[in-house]
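Colleague: Quick one: the structure is below, and I'll ask about it shortly.
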Amino acid sequence: MICADGGKKRNNQAEMNQVNYEKEMEKVIAQHQGEEAVPSLLLHSCCGPCSSAVMERLTPYFEVTVFYYNPNISPESEYRHRVEEQKRLIQCFPAVHPIHFLEGEYCPADFDEAARGYEDVPEGGERCFRCYELRLRRTAREAARRGFDYYTTTLSVSPLKNARRINEIGQRVAEECGAVRWLPADFKKKNGYQRSIELSRVYGLYRQNFCGCVYSLRRDFCPVS
Ligand code: SF4
């Protein structure tokens, strides 16, 4: 039996052991302060609204290329709509360093394969972790192939996404790929999610009301991913 005090101590220890990914990112940024050229970063983006606050946070410190790779989005018309919003936002965004854009292939079969057997798992569970990994692995490969210094993703801006799992997967995939470093991040910190809502209003962005895959669409899921 665990006494109340013992449980409390364990909880405090667990909190202390939690990594603050925002602080980890700040350490990386500090390492590059004073350098002549800013490091290059391939930024996986799930959608324009989420990328807005992230681009604002990162472009003072990195030369960012947004990588739109999201085979999880269904149907295709929804995918096309989101990617056009992403491009429109980049064109009008007042970035400190120029933002570039790359689109990955749209191949829903790749997502189907990753999600197979996990179709009925509630959102936020194993299907989502596999979905993160599919997108992060593809981004890491692209970043390594093109010689980017770092890669990361906008996904952690959403309160519905698991920042610890995103960072663990991102780091592991970078180590497996070699030749590119994972930029740790938790973009929901410092009011990042709220800022994405404000910027979406400023730029008149389309904010979808489901995460992306057909399973999130079926479940009357409400908040934007
Ligand atoms: S709910 Fe979102 S993160 Fe989860 S599997 Fe579907 S698209 Fe991917």
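Starting from 1 in every chain, residues are counted up; chains themselves are A, B, ... following the order of the structure tokens, and ligands are numbered from 1 as listed.
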From a DSSP pass on the backbone, collect the residues of stretch 29-225 of chain A flagged as strand (DSSP E or B) and hand them back as a VMD selection string.
Modeller: chain A and resid 40 to 44 63 to 68 100 to 103 150 to 153 181 to 182
Colleague: Can you work out which residues are within 8 Å of ligand 1, considering only C-alpha atoms and all ligand atoms, and then hand them over as a list in words?
Modeller: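 Selection of residues at most 8 Å from ligand 1: Asn72, Ile73, Ala115, Glu123, Gly124, Gly125, Arg127, Cys128, Phe129, Arg130, Cys131, Tyr132, Lys161, Phe210, Cys211, Gly212, Cys213, Val214, Tyr215, Ser216 and Ser225 of chain A.
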Colleague: Restricting the output to C-alpha atoms, write the selected residues as a short mmCIF file (atom, residue, chain, number, x, y, z; two decimals), in the first residue's frame.
Modeller:
data_model
loop_
_atom_site.label_atom_id
_atom_site.label_comp_id
_atom_site.auth_asym_id
_atom_site.auth_seq_id
_atom_site.Cartn_x
_atom_site.Cartn_y
_atom_site.Cartn_z
CA ASN A 72 -2.63 11.08 -42.95
CA ILE A 73 -5.00 13.81 -44.16
CA ALA A 115 -2.31 2.88 -38.90
CA GLU A 123 -7.05 9.75 -30.54
CA GLY A 124 -3.85 10.45 -28.63
CA GLY A 125 -2.94 6.73 -28.49
CA ARG A 127 -2.14 5.20 -33.85
CA CYS A 128 -1.12 8.82 -33.35
CA PHE A 129 2.39 7.84 -32.23
CA ARG A 130 2.78 5.80 -35.42
CA CYS A 131 1.43 8.75 -37.39
CA TYR A 132 4.01 11.07 -35.77
CA LYS A 161 -0.43 16.22 -29.10
CA PHE A 210 -10.63 17.60 -37.10
CA CYS A 211 -7.05 16.41 -36.79
CA GLY A 212 -6.67 14.94 -40.27
CA CYS A 213 -7.22 11.21 -40.67
CA VAL A 214 -10.52 9.55 -41.46
CA TYR A 215 -10.70 8.18 -37.89
CA SER A 216 -10.52 11.66 -36.36
CA SER A 225 -5.03 19.86 -34.28
#
Colleague: Tell me, as a ChimeraX atom specification, which residues lie within 9 Å of A:Gly178, counting only C-alpha atoms; anything in the same chain fewer than 5 positions away does not count.
Modeller: /A:140-141,144,173
Colleague: As a ChimeraX atom specification, please: every residue in stretch 69-142 of chain A that a backbone DSSP assignment puts in helix (DSSP H, G or I).
Modeller: /A:76-92,108-115,126-142
Colleague: Nearest residue to A:His81 out of A:Tyr69, A:Tyr206, A:Phe187, A:Tyr193, using only C-alpha atoms?
Modeller: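 Smallest distance to A:His81 is found for A:Tyr206.
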Colleague: Calculate how many Å separate atom CA of A:Val83 from atom CA of A:Lys189, rounding to one decimal.
Modeller: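 Atom CA of A:Lys189 lies 25.3 Å from atom CA of A:Val83.
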Colleague: Might you pull out every residue within 10 Å of A:Asp110, with only C-alpha atoms counted and same-chain residues fewer than 3 positions away left off, and present them as a PDB file with C-alpha atoms, in the first residue's frame?
Modeller:
ATOM      1  CA  ASN A  70       0.943  14.690 -44.334  1.00  0.00           C
ATOM      2  CA  PRO A  71      -0.363  11.509 -46.000  1.00  0.00           C
ATOM      3  CA  ASN A  72      -2.629  11.078 -42.951  1.00  0.00           C
ATOM      4  CA  TYR A 106       0.747  12.674 -50.885  1.00  0.00           C
ATOM      5  CA  CYS A 107       0.419   8.917 -50.590  1.00  0.00           C
ATOM      6  CA  GLU A 113      -0.053   1.010 -43.585  1.00  0.00           C
ATOM      7  CA  ALA A 114       1.174   2.813 -40.441  1.00  0.00           C
ATOM      8  CA  ALA A 115      -2.314   2.883 -38.897  1.00  0.00           C
ATOM      9  CA  CYS A 131       1.427   8.752 -37.395  1.00  0.00           C
ATOM     10  CA  LEU A 134       5.765   8.226 -40.222  1.00  0.00           C
ATOM     11  CA  ARG A 135       5.911  11.972 -40.736  1.00  0.00           C
TER      12      ARG A 135
END
